[in-house]
Structures are given as structure tokens and as C-alpha cells.
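Chemist: Can you read through this structure? Questions will come right after.
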Amino acid sequence: MKHTRSAELYRRALELLPGGVSSPVRAMRAIGRDPIFMARGEGGELEDVDGNRYVDWVCSWGPLIAGHCHPAVLAAIADASANGTSFGAPTVGEVELAAEIAARMEAVEMVRLTSSGTEASMTALRMARAATGRERVLKFAGAYHGHVDGLLAQAGSGLATHALPSSPGVPAALTAATVVVPWNDPAAVVAASEHYELAAILAEPIPANMGLVPADAGFLELLRKQADITGAVLVLDEVISGFRVARGGAQQRTGVVGDLVVMGKIVGGGLPVGAVGGHRRLMETLAPAGDVYQAGTLSGNPLATAAGLATLGLLDDDAYRRLATTTQRLADGLVEAAAGYPVWIESLPGLLTVFFSEHPVRNLDDCQACDLEAHAAWSRCLLDHGVYLPPSQFEAWFPSLAHTEAQLELTVDAARQAFDSLKR
Ligand SMILES: Cc1ncc(COP(=O)(O)O)c(C=O)c1O
């Protein structure tokens, strides 16, 4: 594969964009290569600026559950844009999207739309603090909830990828209000929630930002119980899992329901959206119904709500069955391709991670103990064979409804060759 134009663009980008990218993981530094500039997508496939084609398992990091350029989503955006791109006034799309979210998510009676998951996390914490009159929040090591100052403590995704325990520029006073405990450690949750007066317990119910690391049996139930006992608000971040692992997200799958739910990605159908939802009692603390301030020039943008509604409209029971089948076949194919090479493959419908570990992976320490060099070499080999996968083990693959049999086969073949080259 030639990457002449990508290389040229990257050189220019390095002069104009810090690190040459608009978001860190895209730079591919964790797998020791330069980023690839993309030109277009179609279904489960991407084409770069040099004309190389790839099976795309990133799918924009989650929003594109229907794949690239789904005709219904493109038509909805085109129809909406014909009426104008933004009004800064209420629109029908916001009401319809909120109704659709509330119909799917048990915890949600009302919704505030934002332009990103980061803003939705920020808003949820502000509401939890206002409602409880407390400041401290508990989060888990390896969980990522966007680049909110106070939550950049042992965060996953780009921070784990680049081994940044936190970020310079974050006031110590802000992370001091964040208590971090290991994922899947019940004793640590009980101790922290009894020792500190917590405003919120914040969790990805299906963490996917240190790679995919589901909760052990009973762990989410424990979070619910500790929140109830201590009066903390349980905030479940479903930015990745929402509308992906089931119609009603992780909460439907696990039966553990939050007080507030943070959403993003799929609800915007590939355009910038986030959302926070919950019970009326908490949601009506937000201005102008209440006095907790939150706002956004482009919040509830009509193009984004149209794309989100069109995407959710595709997600019926049959779609979830197909997504589960595609993911299972990918997981089975990768296990077969590994042929004894020591990897631990974790998957749930619509999500998958290949951990370079002999053992099950249950928390951030386990993820960091993996053979990241082997993961990097394997990933570079897959890219060379036309498979675009998350360029870090601290992320999840995003199977979509658009991935085909042929794309699955190509991926498994490429994986087999990559494992074979590692064995050599
Ligand atoms: C679980 C989770 N929460 C929040 C965010 C932040 O969302 P955004 O990137 O839209 O700000 C992300 C982003 O990947 C995420 O995975």
C-alpha cells in the first residue's frame, strides 16, 4: 500500500494541528505508525486519500452503527439541511429525539441535548452535585467520560493509550474532588462510598475505553446499592453502550438502571451530539426549569437530531440480532485465526477487543499488563492487509450493521497472517 498523499497531508497537518490531528488516538502513535487520512466511507468500508480501501472496524468510534453513508441517514440530513442548518430556537427534531430516547431508555423521562458526550458528562455531574449538595464523585480507573477537567484522573481511551495518568492544566483542586477506584473491585467501592460523602457514582456500565472490560457478576448491582444507601446519584455513561448493546443500552442488558444517563455517538448518527437524561425530578433542576445552568449554541442542532432519529429508526429487534451475529462471527474468526497465540478476546453485541493477554482482563492493571508491543505489530500488519482497526488496545472495535460476510472473511484472513508473522 502506498500512502504518499497521506504522508504529505500529515507533514502539513503537523505544522497546523497539534500532533497533526484533531483528537489524539487518531495519530496512531500507540502502534508506531503515522495516521492515514481518509477520503470517503461506504457501508463497512473506508477509502483513504491514496485510494487504498479498508474494512473499517472503527466506524467513527461508535456513531456509525449503520455504517458509512446509510441512505436513510444521508436523506434525513439532506432534508433537514434544506430548511436551514441551525436556528438557535426550539425545533421539532429535539422533541422527537427526546421522545425516542425516553421510549428506549428505562431511566429516562426527560433529556437535555448537548453537542458532545463530554458536555453531557459535565452536565450530569453538575446536576448530581446540585441535587446532593456534595462535591466528590467516584469514577473507575480506565473509564473515560470525555475530557472534563475533574474526570481526567486515571482515565481510559487516549489517556491510557499515551500513558498519561492525568493531564497538565487540570487544577489539582478539581481532580481532588474525584475518587478513583479499580473497576470490578467491590471492596474498594464499598470503602470509598462509605468514607466519602459522594455526589455521584459514575460508571460506564460496559466499559470500553480501556478495551472492553465488562462488569463481573453483581458489580453493577453493588453500584446501584451503594448509591441508594449513601444518597449518591448513580450516573451511567452509555455514550458507547447506549443503543448499541441493546435497544435500551447496557441498562436493558444488565437490568441495572441509573439515576442519570449520559449518551452520545449513536444518538447523533455521525453528527455532533451528546445527551443527558433521567428522572423528571433531577432533570427539572436544569435551567430554565431549575437553576442548574447549562447551555449550548448548537445544542439540539436540527441536522444532528435528524441523523440521530434516522439512525435510531434503523435499530429494531432484527438489527440487534444481526449486530450480535456479526460480532460473534468476528470474535469466533479471530479466535480461530489466533490458533493458540495467547490473546483474550472480549466481545458483546457491537463491541470487541483483542487483548494480548493469556488471562481474562478485569481492570485497567490487567489491560496495562498486556503485550502492547505485540498488539502494535499485529495492528500494523492488519492495516497493511486492508483492515482499519482501533490503533490502540485501550479501545473497542465497533462492528456495524453494514459489515458483510466478505469483510468478515478479509479481516479474519488478515488477522491469521498477522498472528502467523508474530509467531515467526
Ligand atoms: C464512555 C464515553 N463517555 C464520554 C465520551 C466523550 O464523548 P465525546 O467524545 O463526544 O465528547 C466518550 C468518548 O469516546 C466515551 O467513550
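For the C-alpha cells, the naming scheme is as follows: chains receive sequential letters (A, B, ...) according to their order of presentation, residues are indexed from 1 within each chain, and ligands are indexed from 1 in presentation order.
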Throw together the list of residues within 10 Å of ligand 1, counting only C-alpha atoms and all ligand atoms, and drop it here as a PyMOL selection string.
Modeler: chain A and resi 23+60-63+114-122+143-148+156-158+203-210+236-242+262-265+268+271-275+395-396
Chemist: Could you pull out all residues of stretch 31-232 of chain A with a DSSP call of strand (DSSP E or B) and give them as a VMD selection string?
Modeler: chain A and resid 38 to 43 45 to 48 53 to 56 68 110 to 114 136 to 140 153 166 178 to 181 198 to 203
Chemist: Rank A:Phe419, A:Ala141, A:Thr327, A:Leu309 by their smallest atom-to-atom distance to A:Pro342, using only C-alpha atoms, and report the top residue only.
Modeler: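 Smallest separation from A:Pro342 among the options: A:Phe419.
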Chemist: Using only C-alpha atoms, which of the listed residues (A:Ala172, A:Leu315, A:Val412, A:Val354) sits closest to A:Glu336?
Modeler: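 Smallest distance to A:Glu336 is found for A:Val412.
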Chemist: Show which residues sit within 10 Å of A:Ile31, as a list in words. Count only C-alpha atoms, and ignore same-chain residues fewer than 6 positions away.
Modeler: Thr161, Leu372, Glu373, Ala374, His375, Ala376, Ala377, Trp378, Ser379, Arg380, Pro390, Pro391, Ser392 and Gln393 of chain A
Chemist: If we count only C-alpha atoms, what is near stretch 85-91 of chain A at a cut-off of 8 Å, once residues fewer than 3 positions away on the same chain are taken out, given as number ranges by chain?
Modeler: A: 80-82, 94-95, 297-298, 301-303
Chemist: Based on the selection just made, write all heavy atoms of those residues as an mmCIF file, in the first residue's frame.
Modeler:
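What landed in again28.cif:
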data_model
loop_
_atom_site.group_PDB
_atom_site.id
_atom_site.type_symbol
_atom_site.label_atom_id
_atom_site.label_comp_id
_atom_site.auth_asym_id
_atom_site.auth_seq_id
_atom_site.Cartn_x
_atom_site.Cartn_y
_atom_site.Cartn_z
ATOM 1 N N ALA A 80 -33.178 17.825 6.220
ATOM 2 C CA ALA A 80 -33.120 18.818 7.300
ATOM 3 C C ALA A 80 -32.340 20.046 6.850
ATOM 4 O O ALA A 80 -32.752 21.188 7.105
ATOM 5 C CB ALA A 80 -32.483 18.197 8.546
ATOM 6 N N SER A 81 -31.241 19.831 6.131
ATOM 7 C CA SER A 81 -30.392 20.977 5.776
ATOM 8 C C SER A 81 -31.078 21.892 4.758
ATOM 9 O O SER A 81 -30.770 23.077 4.691
ATOM 10 C CB SER A 81 -29.027 20.511 5.256
ATOM 11 O OG SER A 81 -29.174 19.881 4.015
ATOM 12 N N ALA A 82 -32.018 21.331 4.002
ATOM 13 C CA ALA A 82 -32.743 22.172 3.036
ATOM 14 C C ALA A 82 -33.546 23.264 3.750
ATOM 15 O O ALA A 82 -33.872 24.302 3.168
ATOM 16 C CB ALA A 82 -33.681 21.298 2.190
ATOM 17 N N GLU A 94 -35.761 18.007 18.132
ATOM 18 C CA GLU A 94 -35.341 17.820 19.537
ATOM 19 C C GLU A 94 -36.404 17.067 20.317
ATOM 20 O O GLU A 94 -36.100 16.185 21.117
ATOM 21 C CB GLU A 94 -35.157 19.171 20.220
ATOM 22 C CG GLU A 94 -34.053 20.014 19.663
ATOM 23 C CD GLU A 94 -34.249 21.459 20.074
ATOM 24 O OE1 GLU A 94 -33.868 21.817 21.194
ATOM 25 O OE2 GLU A 94 -34.820 22.238 19.280
ATOM 26 N N VAL A 95 -37.656 17.435 20.087
ATOM 27 C CA VAL A 95 -38.762 16.808 20.826
ATOM 28 C C VAL A 95 -38.865 15.337 20.401
ATOM 29 O O VAL A 95 -39.008 14.440 21.234
ATOM 30 C CB VAL A 95 -40.094 17.546 20.541
ATOM 31 C CG1 VAL A 95 -41.222 16.937 21.351
ATOM 32 C CG2 VAL A 95 -39.943 19.025 20.843
ATOM 33 N N THR A 297 -24.809 26.772 22.023
ATOM 34 C CA THR A 297 -25.253 27.437 20.777
ATOM 35 C C THR A 297 -25.848 26.427 19.796
ATOM 36 O O THR A 297 -26.870 26.683 19.172
ATOM 37 C CB THR A 297 -24.049 28.137 20.107
ATOM 38 O OG1 THR A 297 -23.505 29.067 21.031
ATOM 39 C CG2 THR A 297 -24.458 28.856 18.825
ATOM 40 N N LEU A 298 -25.175 25.270 19.653
ATOM 41 C CA LEU A 298 -25.625 24.310 18.646
ATOM 42 C C LEU A 298 -26.353 23.105 19.252
ATOM 43 O O LEU A 298 -26.618 22.123 18.555
ATOM 44 C CB LEU A 298 -24.440 23.841 17.806
ATOM 45 C CG LEU A 298 -23.826 24.923 16.907
ATOM 46 C CD1 LEU A 298 -22.573 24.405 16.218
ATOM 47 C CD2 LEU A 298 -24.813 25.422 15.861
ATOM 48 N N ASN A 301 -29.013 20.596 17.567
ATOM 49 C CA ASN A 301 -28.898 21.030 16.160
ATOM 50 C C ASN A 301 -29.799 20.187 15.239
ATOM 51 O O ASN A 301 -29.827 18.958 15.348
ATOM 52 C CB ASN A 301 -27.435 20.899 15.738
ATOM 53 C CG ASN A 301 -27.242 21.170 14.269
ATOM 54 O OD1 ASN A 301 -27.253 20.257 13.457
ATOM 55 N ND2 ASN A 301 -27.119 22.427 13.937
ATOM 56 N N PRO A 302 -30.540 20.838 14.334
ATOM 57 C CA PRO A 302 -31.525 20.098 13.531
ATOM 58 C C PRO A 302 -30.933 19.035 12.600
ATOM 59 O O PRO A 302 -31.585 18.010 12.344
ATOM 60 C CB PRO A 302 -32.237 21.192 12.724
ATOM 61 C CG PRO A 302 -31.396 22.404 12.843
ATOM 62 C CD PRO A 302 -30.601 22.286 14.096
ATOM 63 N N LEU A 303 -29.715 19.243 12.107
ATOM 64 C CA LEU A 303 -29.115 18.205 11.255
ATOM 65 C C LEU A 303 -28.747 16.984 12.105
ATOM 66 O O LEU A 303 -28.947 15.828 11.709
ATOM 67 C CB LEU A 303 -27.843 18.730 10.569
ATOM 68 C CG LEU A 303 -28.036 19.399 9.210
ATOM 69 C CD1 LEU A 303 -29.033 20.542 9.289
ATOM 70 C CD2 LEU A 303 -26.714 19.882 8.669
#
Chemist: Between A:Tyr341, A:Phe243, A:Tyr320, A:Tyr54, which residue has the minimum interatomic distance to A:Ile101, considering only C-alpha atoms?
Modeler: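 Selected residue with least distance to A:Ile101: A:Phe243.
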Chemist: Quick one: which stretch 42-158 of chain A residues come within 10 Å of stretch 277-281 of chain A, and what is the nearest atom pair for each with the distance in Å to one decimal, counting only C-alpha atoms, rows ordered by chain and ascending number, as a Markdown table?
Modeler:
| residue | atom | partner | partner_atom | distance |
| --- | --- | --- | --- | --- |
| A:Ala98 | CA | A:Gly277 | CA | 8.8 |
| A:Ile101 | CA | A:Gly277 | CA | 8.5 |
| A:Ala102 | CA | A:Gly277 | CA | 8.1 |
| A:Met105 | CA | A:Gly277 | CA | 8.9 |
| A:Glu106 | CA | A:Gly278 | CA | 8.8 |
| A:Ala107 | CA | A:Gly278 | CA | 5.4 |
| A:Val108 | CA | A:Gly278 | CA | 4.1 |
| A:Glu109 | CA | A:His279 | CA | 5.2 |
| A:Met110 | CA | A:Gly277 | CA | 5.5 |
| A:Val111 | CA | A:Gly277 | CA | 4.3 |
| A:Arg112 | CA | A:Gly277 | CA | 6.4 |
| A:Leu113 | CA | A:Gly277 | CA | 8.6 |
| A:Ala120 | CA | A:Gly277 | CA | 9.0 |
| A:Ala124 | CA | A:Gly277 | CA | 8.4 |
| A:Ala131 | CA | A:Arg281 | CA | 9.6 |
Chemist: Using the selection just defined, write its residues with C-alpha atoms as an mmCIF file, in the first residue's frame.
Modeler:
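Output saved as out_6.cif:
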data_model
loop_
_atom_site.group_PDB
_atom_site.id
_atom_site.type_symbol
_atom_site.label_atom_id
_atom_site.label_comp_id
_atom_site.auth_asym_id
_atom_site.auth_seq_id
_atom_site.Cartn_x
_atom_site.Cartn_y
_atom_site.Cartn_z
ATOM 1 C CA ALA A 98 -36.041 13.101 23.244
ATOM 2 C CA ILE A 101 -34.608 8.167 23.711
ATOM 3 C CA ALA A 102 -37.186 8.093 26.526
ATOM 4 C CA MET A 105 -34.149 4.010 27.989
ATOM 5 C CA GLU A 106 -35.984 2.999 31.133
ATOM 6 C CA ALA A 107 -34.199 5.566 33.298
ATOM 7 C CA VAL A 108 -35.017 8.481 31.010
ATOM 8 C CA GLU A 109 -38.112 10.665 31.319
ATOM 9 C CA MET A 110 -36.520 13.891 30.109
ATOM 10 C CA VAL A 111 -33.466 14.754 28.025
ATOM 11 C CA ARG A 112 -31.056 17.689 27.658
ATOM 12 C CA LEU A 113 -29.247 17.636 24.318
ATOM 13 C CA ALA A 120 -23.239 15.588 28.733
ATOM 14 C CA ALA A 124 -24.695 15.156 34.700
ATOM 15 C CA ALA A 131 -29.077 17.717 43.874
#
Chemist: What is the atom CA of A:Leu97 to atom CA of A:Gly308 distance in Å?
Modeler: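 We find that atom CA of A:Leu97 and atom CA of A:Gly308 lie 7.3 Å from each other.
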Chemist: Quick check, in Å to one decimal: how far apart do atom CA of A:Leu152 and atom CA of A:Thr175 lie?
Modeler: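 Atom CA of A:Thr175 lies 7.3 Å from atom CA of A:Leu152.
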